[in-house]
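> Sharing a structure, written as structure tokens. Questions coming.
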Amino acid sequence: MQHASYQPAKDQKINWSLLSRIWPFLRESRQRVAVALLCLLLAKASILAIPFILKNLVDNLDAQALQQAIPGLIMGLVIAYGAARFSTVFFGELRDTIFGRVTERAMRTIGLRVFRHIHALDMEFHLNRHTGALARDVERGTNGISFLLRFFIFNIAPTLFEIAMVVGILLFNYGPSFAVIVAVAVFTYGLFSFRATEWRTQFVRELREADNSSNSRAVDSLLNFETVKYFTNEEFEAQRYDKLLAQWELARRKNRLSLFTLNGGQAVVIAIAQTCMIGLAAAQVQDGTLTLGDFVLINQFMIQLFMPLGFLGMVYREIRNSMVNIEKMFELLDVVPGIVDAEDATPLLVKSAYIRFDNVSFSYGPDRQILKNVSFTIEPGQKVAVVGASGAGKSTLVKLLFRFYDPTAGSIYIDDQDIRAHTQFSLRHAVGIVPQDTVLFNDSIFENVRYGRPSATDDEVSNAIHLAYLDELIGHLPMGRDTLVGERGLKLSGGEKQRVSIARTILKDSPILVFDEATSSLDTKSEQAILTSLRDIARDHTSLVIAHRLSTIVDADNIIVLDQGEIVEQGSHRDLLSRGSHYATLWRAQQKHEEIQTR
């Protein structure tokens, strides 16, 4: 399975076959592309006509020619010149407007595909990702596709067409000398540009990676600003960030100097070619071979040719940069999730919500065994609690039930259906959870609760808020239920966030409920109130409770005690206490701790 390390090596060649993966986005808008190309041809025809109009205008402005000029010819040529200039701009703008819809739709389609793909990736990928760098790669990739589509079709191909037309016109009208100069100049310019651009691609990649690293470091530090302040590590964070900025600065300097080399070489080629063309044309005007109009025509063609040619060098460089970005985005799309639905997977049908763990083992690697042959059942409507020391594997059971991971051995069944044989969507839809660490969206309390079931009505959301005892909190807030909770819910306390999470799970109304230390952040008064509510809610549901406070699960139908990934005992609260073993030891330790705290 591929994971988050999908960055290409610095010396890896650009994969031009990526163009075949972009083509389908154009195929969806074939008619718009055809109309845009027609506008492009009309614009190019207009710009090629301009030098001929100028030649005739200059030749007819000659003193001798003026005496023989057809009345109105000069004015007609002036109007034709203006019309050609206008047509060039008009058809160019019309082309961009029509094709803009194509690029915007392509960016939307690919952006949505990447977004969905990232959400489909497994837990291991997301645990190893760098959010800032990932967001930059997606943003650059979608923008790169827009640039590539627009400029490859409307700049590189048309410029090559225009070069061919100019060489042909010069060859046909003025002989091989001018055509050879243009052809040699274009070939030299193109060869130098492509070689130099290939050479400097390594510096572009270095800059991208340095930018990703510094941005990722900044995002990570800001997301954990509380921890930074707790340990007074502001300067430490600044120093770490500055080291990455120093790498970025060096990479940017290399990139800038390589760009200077490229631009300087291109300028030399253009200057030599234009000097040779103008010199040859001036000499032929002097000996009477060419007219002043011919001189103007040749000069105008050189201007029209080398302006887009100079731009072509920039476009090629940017296309190379865009291909680097697109390459990274498509490599992200090529990351295969570790957990996928079977080809014949069907929706999970939950009737009685009977759960069975059958000899389940799980490890994160050969040297990190978490669960060992764990077997237990949860009867329909039962409340089963799992307790044990930290690291015993309690929360891993929840991750396996949600199929964030698959067991390395054994199986999990719901109503005697192996969960691996059914779709992940239907499985997770059937299980509601109140996690230990609640992270909220930067939205209102009301909308964070509605997230449990986005299609719920306002009354249903309000009822869930009431059942989670959130009314009192909302009543004390200036904006009530519309109060924004801040990024990751940081404006709320831990207990308040857990109550929002409980309300969200109530609203989801799944037949199976999981509480992963759901009251760990609540004070005693709030805990008892919510426990009463949770008992009412769970009455008609199958419940799995991961508990740290043993006082919250004394009413459980079955309590499973885990120790180093194995079930060491199970039974009711009273039964386990009477045995005087692991559970009884945990109970006495917690009771003693609570007594000390209440003194």
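Ordering of the structure tokens sets the chain letters (A, B, ...); residue numbers start at 1 within each chain; ligands are numbered from 1 in the order shown.
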Tell me, which residues of stretch 421-467 of chain A carry DSSP strand (DSSP E or B), written as a list of chain:residue names?
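Everything in stretch 421-467 of chain A that counts as strand (DSSP E or B) is A:His422, A:Val431, A:Gly432, A:Ile433, A:Val434, A:Ser444.
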> Can you list, as a ChimeraX atom specification, every protein, DNA or RNA residue that comes within 8 Å of A:Tyr81 when you count only C-alpha atoms, leaving out same-chain residues fewer than 4 positions away?
/A:50,53-54,77,85
> Tell me which of A:Ala273, A:Thr232, A:Ala36, A:Arg205 sits closest to A:Val184, counting only C-alpha atoms.
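Smallest distance to A:Val184 is found for A:Ala273.
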> Which one of A:Arg549, A:Arg32, A:Arg150, A:His582 sits closest to A:Ala385 if you count only C-alpha atoms?
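The shortest atom-to-atom distance to A:Ala385 comes from A:Arg549.
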> So which residues touch A:Val398 within 9 Å, counting only C-alpha atoms, skipping near sequence neighbours fewer than 2 positions away, as a PyMOL selection string?
chain A and resi 394-396+400-404+514+516+544+546
> Identify, on the basis of only C-alpha atoms, every residue whose closest approach to A:Leu57 does not exceed 8 Å; exclude the query and any residue fewer than 2 positions from it along the same chain; express the result as a VMD selection string.
chain A and resid 53 to 55 59 to 61 74 77 to 78 293
> I want to know what sits within 9 Å of A:Ala556, based on only C-alpha atoms, with residues of the same chain fewer than 5 positions away left out; could you give that as a PyMOL selection string?
chain A and resi 382-385+545+572-573
> A:Thr159, A:His117, A:Val387, A:Phe330: which is nearest A:Ser20, counting only C-alpha atoms?
A:Phe330
> Extract the full set of alpha helix (DSSP H) residues from stretch 244-469 of chain A according to DSSP on the backbone, and format it as a PyMOL selection string.
chain A and resi 244-286+292-333+394-401+424-429+445-450+458-467
> For A:Leu371, which residue out of A:Glu566, A:Asp96, A:Asp137, A:Glu447 is the nearest one, using only C-alpha atoms?
A:Glu566
> Please report, as CSV, each residue of stretch 359-447 of chain A lying at most 6 Å from stretch 490-511 of chain A, together with the nearest pair of atoms and the separation in Å rounded to one decimal; use only C-alpha atoms, and order rows by chain and ascending residue number.

```
residue,atom,partner,partner_atom,distance
A:Ala430,CA,A:Ser510,CA,5.1
A:Val431,CA,A:Ser510,CA,5.4
A:Gly432,CA,A:Ser510,CA,5.4
A:Val434,CA,A:Ile502,CA,5.7
```
> Include N, CA and C atoms and write out the residues we just selected as an mmCIF file, in the first residue's frame.

```cif
data_model
loop_
_atom_site.group_PDB
_atom_site.id
_atom_site.type_symbol
_atom_site.label_atom_id
_atom_site.label_comp_id
_atom_site.auth_asym_id
_atom_site.auth_seq_id
_atom_site.Cartn_x
_atom_site.Cartn_y
_atom_site.Cartn_z
ATOM 1 N N ALA A 430 -24.236 3.048 10.219
ATOM 2 C CA ALA A 430 -24.967 2.279 11.232
ATOM 3 C C ALA A 430 -24.385 2.443 12.629
ATOM 4 N N VAL A 431 -23.248 3.112 12.739
ATOM 5 C CA VAL A 431 -22.582 3.263 14.031
ATOM 6 C C VAL A 431 -22.414 4.747 14.355
ATOM 7 N N GLY A 432 -22.941 5.149 15.499
ATOM 8 C CA GLY A 432 -22.742 6.517 15.971
ATOM 9 C C GLY A 432 -21.699 6.531 17.071
ATOM 10 N N VAL A 434 -19.404 8.948 20.085
ATOM 11 C CA VAL A 434 -18.973 10.135 20.821
ATOM 12 C C VAL A 434 -17.504 9.901 21.136
#
```
> Hey, which of A:Gln266, A:Ser221, A:Ser216, A:Asn173 ends up closest to A:Thr188? Count only C-alpha atoms.
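Smallest separation from A:Thr188 among the options: A:Gln266.
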> Could you list, as a PDB file with N, CA and C atoms, in the first residue's frame, every residue within 12 Å of A:Ile163, counting only C-alpha atoms and ignoring same-chain residues fewer than 3 positions away?

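Produced file out-v1.pdb, reproduced below:
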```pdb
ATOM      1  N   LYS A  44      -5.421  34.931 -35.411  1.00  0.00           N
ATOM      2  CA  LYS A  44      -4.119  34.766 -36.053  1.00  0.00           C
ATOM      3  C   LYS A  44      -4.145  35.290 -37.489  1.00  0.00           C
ATOM      4  N   LEU A  48      -1.678  38.248 -38.914  1.00  0.00           N
ATOM      5  CA  LEU A  48      -0.805  38.029 -40.068  1.00  0.00           C
ATOM      6  C   LEU A  48      -1.087  39.020 -41.192  1.00  0.00           C
ATOM      7  N   ASN A 155      -1.272  29.035 -26.874  1.00  0.00           N
ATOM      8  CA  ASN A 155      -0.013  29.762 -27.005  1.00  0.00           C
ATOM      9  C   ASN A 155       1.052  28.969 -27.739  1.00  0.00           C
ATOM     10  N   ILE A 156       1.328  27.762 -27.266  1.00  0.00           N
ATOM     11  CA  ILE A 156       2.397  26.988 -27.896  1.00  0.00           C
ATOM     12  C   ILE A 156       2.017  26.579 -29.317  1.00  0.00           C
ATOM     13  N   ALA A 157       0.881  25.910 -29.472  1.00  0.00           N
ATOM     14  CA  ALA A 157       0.468  25.458 -30.808  1.00  0.00           C
ATOM     15  C   ALA A 157       0.281  26.630 -31.786  1.00  0.00           C
ATOM     16  N   PRO A 158      -0.439  27.723 -31.410  1.00  0.00           N
ATOM     17  CA  PRO A 158      -0.597  28.851 -32.329  1.00  0.00           C
ATOM     18  C   PRO A 158       0.726  29.535 -32.677  1.00  0.00           C
ATOM     19  N   THR A 159       1.636  29.625 -31.704  1.00  0.00           N
ATOM     20  CA  THR A 159       2.916  30.263 -31.975  1.00  0.00           C
ATOM     21  C   THR A 159       3.726  29.452 -32.983  1.00  0.00           C
ATOM     22  N   LEU A 160       3.707  28.142 -32.817  1.00  0.00           N
ATOM     23  CA  LEU A 160       4.393  27.287 -33.794  1.00  0.00           C
ATOM     24  C   LEU A 160       3.766  27.435 -35.183  1.00  0.00           C
ATOM     25  N   VAL A 166       5.119  32.563 -41.070  1.00  0.00           N
ATOM     26  CA  VAL A 166       6.060  33.660 -41.324  1.00  0.00           C
ATOM     27  C   VAL A 166       7.240  33.180 -42.162  1.00  0.00           C
ATOM     28  N   VAL A 167       7.784  32.013 -41.810  1.00  0.00           N
ATOM     29  CA  VAL A 167       8.905  31.459 -42.592  1.00  0.00           C
ATOM     30  C   VAL A 167       8.478  31.232 -44.038  1.00  0.00           C
ATOM     31  N   GLY A 168       7.260  30.689 -44.223  1.00  0.00           N
ATOM     32  CA  GLY A 168       6.759  30.459 -45.581  1.00  0.00           C
ATOM     33  C   GLY A 168       6.567  31.743 -46.351  1.00  0.00           C
ATOM     34  N   ILE A 169       6.006  32.768 -45.709  1.00  0.00           N
ATOM     35  CA  ILE A 169       5.778  34.055 -46.370  1.00  0.00           C
ATOM     36  C   ILE A 169       7.104  34.695 -46.785  1.00  0.00           C
ATOM     37  N   LEU A 170       8.072  34.699 -45.873  1.00  0.00           N
ATOM     38  CA  LEU A 170       9.378  35.298 -46.170  1.00  0.00           C
ATOM     39  C   LEU A 170      10.084  34.539 -47.291  1.00  0.00           C
ATOM     40  N   ALA A 179      14.201  33.731 -44.574  1.00  0.00           N
ATOM     41  CA  ALA A 179      13.579  32.522 -44.010  1.00  0.00           C
ATOM     42  C   ALA A 179      14.592  31.711 -43.206  1.00  0.00           C
ATOM     43  N   VAL A 182      15.304  33.371 -39.781  1.00  0.00           N
ATOM     44  CA  VAL A 182      14.196  33.121 -38.845  1.00  0.00           C
ATOM     45  C   VAL A 182      14.208  31.672 -38.369  1.00  0.00           C
ATOM     46  N   ALA A 183      14.371  30.734 -39.314  1.00  0.00           N
ATOM     47  CA  ALA A 183      14.345  29.311 -38.946  1.00  0.00           C
ATOM     48  C   ALA A 183      15.474  28.963 -37.977  1.00  0.00           C
ATOM     49  N   VAL A 184      16.713  29.455 -38.270  1.00  0.00           N
ATOM     50  CA  VAL A 184      17.850  29.175 -37.388  1.00  0.00           C
ATOM     51  C   VAL A 184      17.636  29.803 -36.015  1.00  0.00           C
ATOM     52  N   ALA A 185      17.131  31.040 -35.996  1.00  0.00           N
ATOM     53  CA  ALA A 185      16.903  31.731 -34.725  1.00  0.00           C
ATOM     54  C   ALA A 185      15.868  30.988 -33.881  1.00  0.00           C
ATOM     55  N   VAL A 186      14.771  30.584 -34.526  1.00  0.00           N
ATOM     56  CA  VAL A 186      13.709  29.880 -33.790  1.00  0.00           C
ATOM     57  C   VAL A 186      14.218  28.541 -33.266  1.00  0.00           C
ATOM     58  N   PHE A 187      14.973  27.809 -34.110  1.00  0.00           N
ATOM     59  CA  PHE A 187      15.505  26.514 -33.674  1.00  0.00           C
ATOM     60  C   PHE A 187      16.462  26.690 -32.490  1.00  0.00           C
ATOM     61  N   GLY A 190      14.519  27.741 -29.395  1.00  0.00           N
ATOM     62  CA  GLY A 190      13.762  26.627 -28.828  1.00  0.00           C
ATOM     63  C   GLY A 190      14.652  25.608 -28.154  1.00  0.00           C
ATOM     64  N   PHE A 301       6.902  41.733 -39.039  1.00  0.00           N
ATOM     65  CA  PHE A 301       6.871  40.286 -38.843  1.00  0.00           C
ATOM     66  C   PHE A 301       7.831  39.856 -37.730  1.00  0.00           C
ATOM     67  N   MET A 302       9.010  40.486 -37.685  1.00  0.00           N
ATOM     68  CA  MET A 302       9.982  40.143 -36.643  1.00  0.00           C
ATOM     69  C   MET A 302       9.438  40.482 -35.253  1.00  0.00           C
ATOM     70  N   ILE A 303       8.798  41.664 -35.171  1.00  0.00           N
ATOM     71  CA  ILE A 303       8.212  42.057 -33.885  1.00  0.00           C
ATOM     72  C   ILE A 303       7.119  41.077 -33.479  1.00  0.00           C
ATOM     73  N   GLN A 304       6.220  40.772 -34.445  1.00  0.00           N
ATOM     74  CA  GLN A 304       5.102  39.880 -34.167  1.00  0.00           C
ATOM     75  C   GLN A 304       5.576  38.465 -33.868  1.00  0.00           C
ATOM     76  N   LEU A 305       6.694  38.077 -34.457  1.00  0.00           N
ATOM     77  CA  LEU A 305       7.189  36.721 -34.278  1.00  0.00           C
ATOM     78  C   LEU A 305       7.912  36.558 -32.949  1.00  0.00           C
ATOM     79  N   PHE A 306       8.818  37.482 -32.639  1.00  0.00           N
ATOM     80  CA  PHE A 306       9.643  37.303 -31.453  1.00  0.00           C
ATOM     81  C   PHE A 306       8.941  37.704 -30.159  1.00  0.00           C
ATOM     82  N   MET A 307       7.895  38.514 -30.261  1.00  0.00           N
ATOM     83  CA  MET A 307       7.125  38.779 -29.041  1.00  0.00           C
ATOM     84  C   MET A 307       6.466  37.505 -28.512  1.00  0.00           C
ATOM     85  N   PRO A 308       5.701  36.769 -29.343  1.00  0.00           N
ATOM     86  CA  PRO A 308       5.147  35.516 -28.828  1.00  0.00           C
ATOM     87  C   PRO A 308       6.213  34.457 -28.591  1.00  0.00           C
ATOM     88  N   LEU A 309       7.336  34.538 -29.348  1.00  0.00           N
ATOM     89  CA  LEU A 309       8.392  33.559 -29.129  1.00  0.00           C
ATOM     90  C   LEU A 309       9.021  33.766 -27.745  1.00  0.00           C
ATOM     91  N   LEU A 312       6.666  32.505 -25.495  1.00  0.00           N
ATOM     92  CA  LEU A 312       6.637  31.046 -25.555  1.00  0.00           C
ATOM     93  C   LEU A 312       7.653  30.443 -24.593  1.00  0.00           C
TER      94      LEU A 312
END
```
> Tell me which protein, DNA and RNA residues are within 6 Å of stretch 339-346 of chain A, counting only C-alpha atoms, leaving out same-chain ones fewer than 3 positions away, and put them as a short mmCIF file (atom, residue, chain, number, x, y, z; two decimals) with N, CA and C atoms, in the first residue's frame.

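Saved to selection.cif:
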```cif
data_model
loop_
_atom_site.label_atom_id
_atom_site.label_comp_id
_atom_site.auth_asym_id
_atom_site.auth_seq_id
_atom_site.Cartn_x
_atom_site.Cartn_y
_atom_site.Cartn_z
N ASP A 122 -7.07 5.87 3.75
CA ASP A 122 -7.18 5.21 5.05
C ASP A 122 -6.58 6.05 6.17
N ALA A 421 -17.29 -7.52 4.22
CA ALA A 421 -18.03 -7.88 3.01
C ALA A 421 -19.04 -6.81 2.61
N HIS A 422 -19.07 -5.70 3.37
CA HIS A 422 -20.07 -4.68 3.12
C HIS A 422 -19.41 -3.31 2.97
N THR A 423 -20.14 -2.37 2.44
CA THR A 423 -19.56 -1.05 2.14
C THR A 423 -19.22 -0.30 3.42
#
```
> Rank A:Ser322, A:Gln239, A:Ser177, A:Thr585 by their smallest atom-to-atom distance to A:Gly144, using only C-alpha atoms, and report the top residue only.
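Selected residue with least distance to A:Gly144: A:Ser322.
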